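A short write-up of the structure that comes next.
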Amino acid sequence: MKLGLNDISISDVRSVLGTDTYKVSELCTHPNINKYSERKPINYPKTSGLTPTEFKGHISDIVNGIAYGLQVGVGGSENMLDLHSANWEYKGKPVNNFRLGDFRGYNSLAKININGYVNISDNTIFSDMTNPISCSIIYSDNAINDGVRIQDILDALSGSLFDIGDYYPCVIIDNWIRVMVNSQTDSITRIKVGDTLYQRFYVPDIPSALHSKDNVTVTFFLVKNIYREGLYDYRDWYLVQEDVVSGESAYTIPEMVGLNFQIASSELQGISKIRLTGVSYISTQNNLSVSFEWVDNRPTKLTYYRFDVQMAGIRVSKTISISGGIVPIPTFSLDEFGIIGGTNTQYDVRASVYGSLDNNDFKYIDSITTKLTI
């Protein structure tokens, strides 16, 4: 529900928030406020209505990485470890000077125009695997249902015009940072190069210092510079010291902050490794086909491989056995996902493969994420 830009009442606000209070102070700090709406109550030392510029936030919040009421990152004088807590929390709620007019233009359906998700099976990072973490970062130039845009937030915080093409996607795991690799080019790039906007990135390895840990905290973020001589170098794993300031502003990605994962070894002793190379839609057969290649050699003894495919919120598993000879190709019928072919609908598809020598204790081997139009 969206409120108008003029003549809103307490009853209007009570209705959109779903509350029975008549107190303006309680309405302006209500937990049902959609933090991603561009227009909403914020902390600002003024009793009268705010201008569009003032809605960006007061300087006392801006210097602490808060814009449009949201804590989105760290400044150059802060420590990069603070990124783990920069979870887009609505920290800029008013503490006084409660203004009903801040709700003018408020939209309860607003969304931020950037988010992402991590592709990790069973909430576990396998430290001895190649490319153990992959993710997708979804970005749009346009506001979504009157939501605040990340470019407006970063304009407010940096004081300069935002361009997503200026930013590199990075990850911090506990206190180790590095830039991610573009899955489509297999190289380090910014999120946007020329007119091409990239979405899929991966982490090529895990710092050896973390291999013995049981759990780690992972946060994904954007930064303009990945190397400054004498200060930091994120082109490979860089250890963040607790008492050293970042020297560079960095901004987290919504839904990808402070994530907790287990660390484990894949323990693939005796299991021939597979590398997934693609998932294809075969319209004439109304099914999906998973393609793969051997990392080293085919198995010489009976080995079981379980292929999991996730699509449209459904996960389907198929197990094949291999012991030399002809290698069957795992296929999945669209009916198993409840999908009808020929609708020209695009789906996110994730395929994973696990190996076992006894058809019981399966170990993770590899995964791949792609988009298919079906």
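Here, A, B, ... name the chains of the structure tokens in the order displayed, residue numbers run from 1 inside each chain, and ligands are numbered from 1 in the same displayed order.
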Handout entry: All residues 6 Å or closer to segment 237-249 of chain A, only C-alpha atoms, same chain fewer than 3 positions away omitted, as a list in words
Key =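 Surrounding residues, per the criterion: Val74, Gly75, Gly76, Ser77, Glu78, Asn79, Met80, Asn175, Trp176, Ile177, Arg178 and Tyr234 of chain A.
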Just the selected residues (N, CA and C atoms), exported as a PDB file, in the first residue's frame, please.
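Listed below is the output, part_30.pdb:
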ATOM      1  N   VAL A  74      30.714   0.582   5.755  1.00  0.00           N
ATOM      2  CA  VAL A  74      31.704   1.230   6.615  1.00  0.00           C
ATOM      3  C   VAL A  74      32.382   2.344   5.831  1.00  0.00           C
ATOM      4  N   GLY A  75      32.834   3.343   6.549  1.00  0.00           N
ATOM      5  CA  GLY A  75      33.590   4.435   5.943  1.00  0.00           C
ATOM      6  C   GLY A  75      35.080   4.168   6.003  1.00  0.00           C
ATOM      7  N   GLY A  76      35.843   5.024   5.387  1.00  0.00           N
ATOM      8  CA  GLY A  76      37.288   4.845   5.325  1.00  0.00           C
ATOM      9  C   GLY A  76      37.984   4.926   6.665  1.00  0.00           C
ATOM     10  N   SER A  77      37.320   5.501   7.662  1.00  0.00           N
ATOM     11  CA  SER A  77      37.918   5.608   8.994  1.00  0.00           C
ATOM     12  C   SER A  77      37.465   4.499   9.924  1.00  0.00           C
ATOM     13  N   GLU A  78      36.712   3.528   9.384  1.00  0.00           N
ATOM     14  CA  GLU A  78      36.233   2.411  10.186  1.00  0.00           C
ATOM     15  C   GLU A  78      36.979   1.132   9.810  1.00  0.00           C
ATOM     16  N   ASN A  79      36.737   0.069  10.580  1.00  0.00           N
ATOM     17  CA  ASN A  79      37.394  -1.205  10.326  1.00  0.00           C
ATOM     18  C   ASN A  79      36.518  -2.083   9.433  1.00  0.00           C
ATOM     19  N   MET A  80      37.142  -2.800   8.500  1.00  0.00           N
ATOM     20  CA  MET A  80      36.376  -3.627   7.565  1.00  0.00           C
ATOM     21  C   MET A  80      35.644  -4.776   8.255  1.00  0.00           C
ATOM     22  N   ASN A 175      37.915 -12.717   9.128  1.00  0.00           N
ATOM     23  CA  ASN A 175      38.727 -11.503   8.975  1.00  0.00           C
ATOM     24  C   ASN A 175      39.633 -11.560   7.736  1.00  0.00           C
ATOM     25  N   TRP A 176      39.205 -12.322   6.723  1.00  0.00           N
ATOM     26  CA  TRP A 176      39.953 -12.407   5.473  1.00  0.00           C
ATOM     27  C   TRP A 176      39.102 -11.856   4.323  1.00  0.00           C
ATOM     28  N   ILE A 177      39.721 -11.002   3.484  1.00  0.00           N
ATOM     29  CA  ILE A 177      39.026 -10.356   2.365  1.00  0.00           C
ATOM     30  C   ILE A 177      39.702 -10.700   1.053  1.00  0.00           C
ATOM     31  N   ARG A 178      38.875 -10.875   0.019  1.00  0.00           N
ATOM     32  CA  ARG A 178      39.402 -10.903  -1.345  1.00  0.00           C
ATOM     33  C   ARG A 178      38.291 -10.546  -2.319  1.00  0.00           C
ATOM     34  N   TYR A 234      43.343  -6.662  -2.147  1.00  0.00           N
ATOM     35  CA  TYR A 234      42.271  -7.649  -2.112  1.00  0.00           C
ATOM     36  C   TYR A 234      42.303  -8.584  -3.317  1.00  0.00           C
TER      37      TYR A 234
END
Exercise for the section: Write out as a PyMOL selection string which residues come within 7 Å of Cys28 of chain A when counting only C-alpha atoms, dropping same-chain ones fewer than 4 positions away. Expected result: chain A and resi 24+41+98
Output N, CA and C atoms for every residue in the selection just made, as an mmCIF file, in the first residue's frame.
data_model
loop_
_atom_site.group_PDB
_atom_site.id
_atom_site.type_symbol
_atom_site.label_atom_id
_atom_site.label_comp_id
_atom_site.auth_asym_id
_atom_site.auth_seq_id
_atom_site.Cartn_x
_atom_site.Cartn_y
_atom_site.Cartn_z
ATOM 1 N N VAL A 24 1.971 9.676 17.409
ATOM 2 C CA VAL A 24 2.878 9.883 16.279
ATOM 3 C C VAL A 24 4.256 9.299 16.580
ATOM 4 N N PRO A 41 9.959 7.627 8.231
ATOM 5 C CA PRO A 41 10.523 8.460 9.299
ATOM 6 C C PRO A 41 12.024 8.201 9.492
ATOM 7 N N PHE A 98 9.442 13.758 15.992
ATOM 8 C CA PHE A 98 8.632 12.800 15.239
ATOM 9 C C PHE A 98 7.690 13.546 14.294
#
Practice task
May I have the residues within 12 Å of Gly342 of chain A as an MDAnalysis selection string, using only C-alpha atoms and disregarding those fewer than 5 positions away in the same chain?
Solution key: chainID A and resid 281:287 334 372:374
I need the chosen residues saved as a tab-separated table (two decimals), in the first residue's frame, with N, CA and C atoms.
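The file below, result-v4.tsv, is the result:
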chain	number	residue	atom	x	y	z
A	281	TYR	N	18.23	-27.43	-21.49
A	281	TYR	CA	16.82	-27.76	-21.66
A	281	TYR	C	16.62	-28.36	-23.04
A	282	ILE	N	16.12	-29.59	-23.06
A	282	ILE	CA	15.87	-30.28	-24.33
A	282	ILE	C	14.37	-30.26	-24.57
A	283	SER	N	13.92	-29.33	-25.40
A	283	SER	CA	12.48	-29.10	-25.58
A	283	SER	C	11.78	-30.30	-26.22
A	284	THR	N	12.48	-31.01	-27.10
A	284	THR	CA	11.83	-32.15	-27.78
A	284	THR	C	11.55	-33.29	-26.82
A	285	GLN	N	12.28	-33.35	-25.71
A	285	GLN	CA	12.08	-34.42	-24.73
A	285	GLN	C	11.45	-33.90	-23.44
A	286	ASN	N	11.26	-32.59	-23.38
A	286	ASN	CA	10.65	-31.96	-22.21
A	286	ASN	C	11.42	-32.27	-20.93
A	287	ASN	N	12.76	-32.22	-21.01
A	287	ASN	CA	13.55	-32.49	-19.82
A	287	ASN	C	14.82	-31.66	-19.77
A	334	LEU	N	10.62	-32.16	-16.74
A	334	LEU	CA	10.01	-30.92	-16.24
A	334	LEU	C	8.83	-31.23	-15.32
A	372	LEU	N	17.85	-20.74	-17.30
A	372	LEU	CA	17.28	-21.40	-18.46
A	372	LEU	C	15.93	-20.81	-18.81
A	373	THR	N	15.70	-20.61	-20.09
A	373	THR	CA	14.40	-20.18	-20.58
A	373	THR	C	13.66	-21.39	-21.11
A	374	ILE	N	12.51	-21.67	-20.50
A	374	ILE	CA	11.79	-22.91	-20.78
A	374	ILE	C	10.37	-22.59	-21.30
Exercise for the section: Compile the contact shell of Asp155 of chain A as a ChimeraX atom specification: residues with an atom at most 12 Å away, counting only C-alpha atoms, same-chain residues fewer than 6 positions apart removed. Expected result: /A:53,56-57,62,65-68,148-149,161-164,251
Exercise for the section: Tell me, as a PyMOL selection string, which residues lie within 9 Å of segment 133-141 of chain A, counting only C-alpha atoms; anything in the same chain fewer than 2 positions away does not count. Expected result: chain A and resi 113-120+125-126+130-131+143-144+149-151+164+169+180+183+191+197-206+253+367-369
Go ahead and write the selection's residues with N, CA and C atoms as a CSV table (one decimal), in the first residue's frame.
chain,number,residue,atom,x,y,z
A,113,ASN,N,16.8,-2.1,-4.7
A,113,ASN,CA,17.1,-2.5,-6.1
A,113,ASN,C,18.4,-3.3,-6.3
A,114,ILE,N,18.9,-3.8,-5.2
A,114,ILE,CA,20.0,-4.7,-5.3
A,114,ILE,C,19.9,-5.8,-4.2
A,115,ASN,N,20.1,-7.0,-4.5
A,115,ASN,CA,20.2,-8.1,-3.5
A,115,ASN,C,21.0,-9.2,-4.1
A,116,GLY,N,21.0,-10.3,-3.4
A,116,GLY,CA,21.8,-11.4,-3.9
A,116,GLY,C,21.5,-12.7,-3.1
A,117,TYR,N,22.1,-13.8,-3.5
A,117,TYR,CA,21.9,-15.0,-2.8
A,117,TYR,C,23.2,-15.9,-3.0
A,118,VAL,N,23.5,-16.7,-2.0
A,118,VAL,CA,24.7,-17.5,-2.0
A,118,VAL,C,24.3,-18.9,-2.4
A,119,ASN,N,25.2,-19.5,-3.3
A,119,ASN,CA,25.0,-20.9,-3.7
A,119,ASN,C,25.9,-21.8,-2.9
A,120,ILE,N,25.4,-22.3,-1.8
A,120,ILE,CA,26.2,-23.2,-0.9
A,120,ILE,C,25.3,-24.3,-0.5
A,125,ILE,N,30.7,-25.0,3.6
A,125,ILE,CA,31.8,-24.6,2.7
A,125,ILE,C,32.8,-25.7,2.7
A,126,PHE,N,33.1,-26.3,1.6
A,126,PHE,CA,34.1,-27.3,1.6
A,126,PHE,C,35.5,-26.7,1.2
A,130,THR,N,37.7,-26.7,-5.3
A,130,THR,CA,37.9,-25.5,-6.1
A,130,THR,C,36.6,-24.7,-6.2
A,131,ASN,N,36.7,-23.4,-6.2
A,131,ASN,CA,35.5,-22.5,-6.3
A,131,ASN,C,34.4,-23.0,-5.3
A,143,ALA,N,14.0,2.1,-9.3
A,143,ALA,CA,13.4,1.9,-8.0
A,143,ALA,C,12.3,0.8,-8.1
A,144,ILE,N,12.1,0.0,-7.0
A,144,ILE,CA,11.1,-1.0,-7.0
A,144,ILE,C,10.0,-0.6,-6.0
A,149,ARG,N,17.0,3.4,-3.7
A,149,ARG,CA,17.9,2.7,-4.6
A,149,ARG,C,19.3,2.8,-4.1
A,150,ILE,N,20.1,1.8,-4.3
A,150,ILE,CA,21.5,1.8,-3.7
A,150,ILE,C,22.3,2.9,-4.3
A,151,GLN,N,22.0,3.3,-5.5
A,151,GLN,CA,22.8,4.4,-6.1
A,151,GLN,C,22.5,5.7,-5.3
A,164,ILE,N,27.4,1.7,-10.8
A,164,ILE,CA,27.7,0.3,-10.4
A,164,ILE,C,28.9,-0.2,-11.1
A,169,PRO,N,32.9,-6.7,-6.7
A,169,PRO,CA,32.2,-7.5,-5.7
A,169,PRO,C,33.3,-8.3,-4.9
A,180,MET,N,36.0,-11.2,-5.6
A,180,MET,CA,35.5,-12.4,-6.3
A,180,MET,C,35.8,-12.4,-7.8
A,183,SER,N,32.1,-15.2,-12.9
A,183,SER,CA,31.9,-16.6,-13.4
A,183,SER,C,31.8,-16.7,-14.9
A,191,ILE,N,31.3,-5.2,-11.4
A,191,ILE,CA,30.0,-5.7,-11.6
A,191,ILE,C,29.5,-5.4,-13.0
A,197,LEU,N,26.2,-6.0,-17.7
A,197,LEU,CA,26.0,-6.2,-16.2
A,197,LEU,C,26.2,-7.6,-15.8
A,198,TYR,N,27.1,-7.9,-15.0
A,198,TYR,CA,27.4,-9.3,-14.6
A,198,TYR,C,26.7,-9.6,-13.3
A,199,GLN,N,26.2,-10.9,-13.1
A,199,GLN,CA,25.5,-11.3,-11.9
A,199,GLN,C,26.2,-12.4,-11.1
A,200,ARG,N,26.9,-13.3,-11.8
A,200,ARG,CA,27.4,-14.5,-11.1
A,200,ARG,C,28.9,-14.4,-10.9
A,201,PHE,N,29.3,-14.6,-9.6
A,201,PHE,CA,30.7,-14.5,-9.2
A,201,PHE,C,31.0,-15.7,-8.3
A,202,TYR,N,32.3,-16.0,-8.2
A,202,TYR,CA,32.7,-17.1,-7.3
A,202,TYR,C,33.9,-16.8,-6.5
A,203,VAL,N,34.1,-17.5,-5.4
A,203,VAL,CA,35.3,-17.4,-4.6
A,203,VAL,C,36.2,-18.6,-4.9
A,204,PRO,N,37.4,-18.4,-5.4
A,204,PRO,CA,38.2,-19.5,-6.0
A,204,PRO,C,38.7,-20.5,-4.9
A,205,ASP,N,38.9,-20.0,-3.7
A,205,ASP,CA,39.5,-20.9,-2.7
A,205,ASP,C,39.2,-20.3,-1.3
A,206,ILE,N,39.6,-21.0,-0.3
A,206,ILE,CA,39.4,-20.5,1.1
A,206,ILE,C,40.8,-20.4,1.8
A,253,ILE,N,25.8,-6.0,0.6
A,253,ILE,CA,24.7,-6.4,-0.3
A,253,ILE,C,23.6,-7.0,0.6
A,367,SER,N,29.2,-27.9,-8.0
A,367,SER,CA,27.9,-27.3,-8.3
A,367,SER,C,28.0,-26.3,-9.3
A,368,ILE,N,26.9,-26.0,-10.0
A,368,ILE,CA,26.9,-24.9,-11.0
A,368,ILE,C,25.5,-24.3,-11.0
A,369,THR,N,25.5,-23.0,-11.3
A,369,THR,CA,24.3,-22.2,-11.3
A,369,THR,C,24.1,-21.6,-12.7
Problem - Sel. of strand (DSSP E) residues, segment 70-234 of chain A, as a PyMOL selection string - result: chain A and resi 70-71+73-74+114-119+124-126+133-139+168-173+176-179+181-182+192-193+196-197+200-203+215-223+227-228+232-233
Practice task
Using only C-alpha atoms, determine which residues lie at most 12 Å from Val309 of chain A, disregarding the query and same-chain residues fewer than 5 positions distant; provide the list as a PyMOL selection string.
Solution key: chain A and resi 121+276+278-280+287-290+314-319+330-334+336-337+348-354+367-370
Fill in the blank from the handout: What separates atom CA of Met1 of chain A and atom CA of Asn34 of chain A is a distance of 10.8 Å
Exercise for the section: Skip Tyr44 of chain A itself and residues of its chain fewer than 4 positions away, then list as a PyMOL selection string all residues within 8 Å of it, counting only C-alpha atoms. Expected result: chain A and resi 54+57-58+94+97
Take the residues from that selection and put them in a file with C-alpha atoms, as a tab-separated table (two decimals), in the first residue's frame.
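What follows is the written file out-v3.tsv:
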chain	number	residue	atom	x	y	z
A	54	GLU	CA	17.20	15.92	3.84
A	57	GLY	CA	19.97	11.69	6.28
A	58	HIS	CA	21.61	14.11	8.68
A	94	PRO	CA	13.85	9.12	14.80
A	97	ASN	CA	11.24	15.35	16.31
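Proximity ranking of A:Thr47, A:Asn360, A:Ser272, A:Ser158 relative to Gly101 of chain A places A:Thr47 first, based on only C-alpha atoms.
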Practice task
Identify all residues of segment 130-284 of chain A in helix (DSSP H, G or I) (DSSP on the backbone) and supply them as JSON, numbers by chain.
Solution key: {"A": [150, 151, 152, 153, 154, 155, 156, 157, 158, 164, 165, 166, 208, 209, 210]}
Print the selection's residues with C-alpha atoms to a file, as a PDB file, in the first residue's frame.
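Once written, result16.pdb looks like this:
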ATOM      1  CA  ILE A 150      21.465   1.759  -3.725  1.00  0.00           C
ATOM      2  CA  GLN A 151      22.795   4.406  -6.099  1.00  0.00           C
ATOM      3  CA  ASP A 152      20.980   7.093  -4.094  1.00  0.00           C
ATOM      4  CA  ILE A 153      22.344   5.665  -0.839  1.00  0.00           C
ATOM      5  CA  LEU A 154      25.912   5.625  -2.115  1.00  0.00           C
ATOM      6  CA  ASP A 155      25.531   9.084  -3.623  1.00  0.00           C
ATOM      7  CA  ALA A 156      24.560  10.303  -0.164  1.00  0.00           C
ATOM      8  CA  LEU A 157      27.430   8.525   1.582  1.00  0.00           C
ATOM      9  CA  SER A 158      30.211   9.183  -0.907  1.00  0.00           C
ATOM     10  CA  ILE A 164      27.663   0.294 -10.409  1.00  0.00           C
ATOM     11  CA  GLY A 165      30.418  -0.081 -12.984  1.00  0.00           C
ATOM     12  CA  ASP A 166      32.852   1.487 -10.513  1.00  0.00           C
ATOM     13  CA  SER A 208      44.300 -22.080   4.644  1.00  0.00           C
ATOM     14  CA  ALA A 209      44.090 -20.405   8.070  1.00  0.00           C
ATOM     15  CA  LEU A 210      40.328 -21.096   8.058  1.00  0.00           C
TER      16      LEU A 210
END
Fill in the blank from the handout: Counting only C-alpha atoms, the residue among A:Asp146, A:Asp366, A:Asp358, A:Asp233 that lies closest to Thr277 of chain A is A:Asp366
Exercise for the section: Could you check which of A:Ile42, A:Val13, A:Ile274, A:Ile172 is closest to Asn260 of chain A, using only C-alpha atoms? Expected result: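 Closest candidate: A:Ile172.
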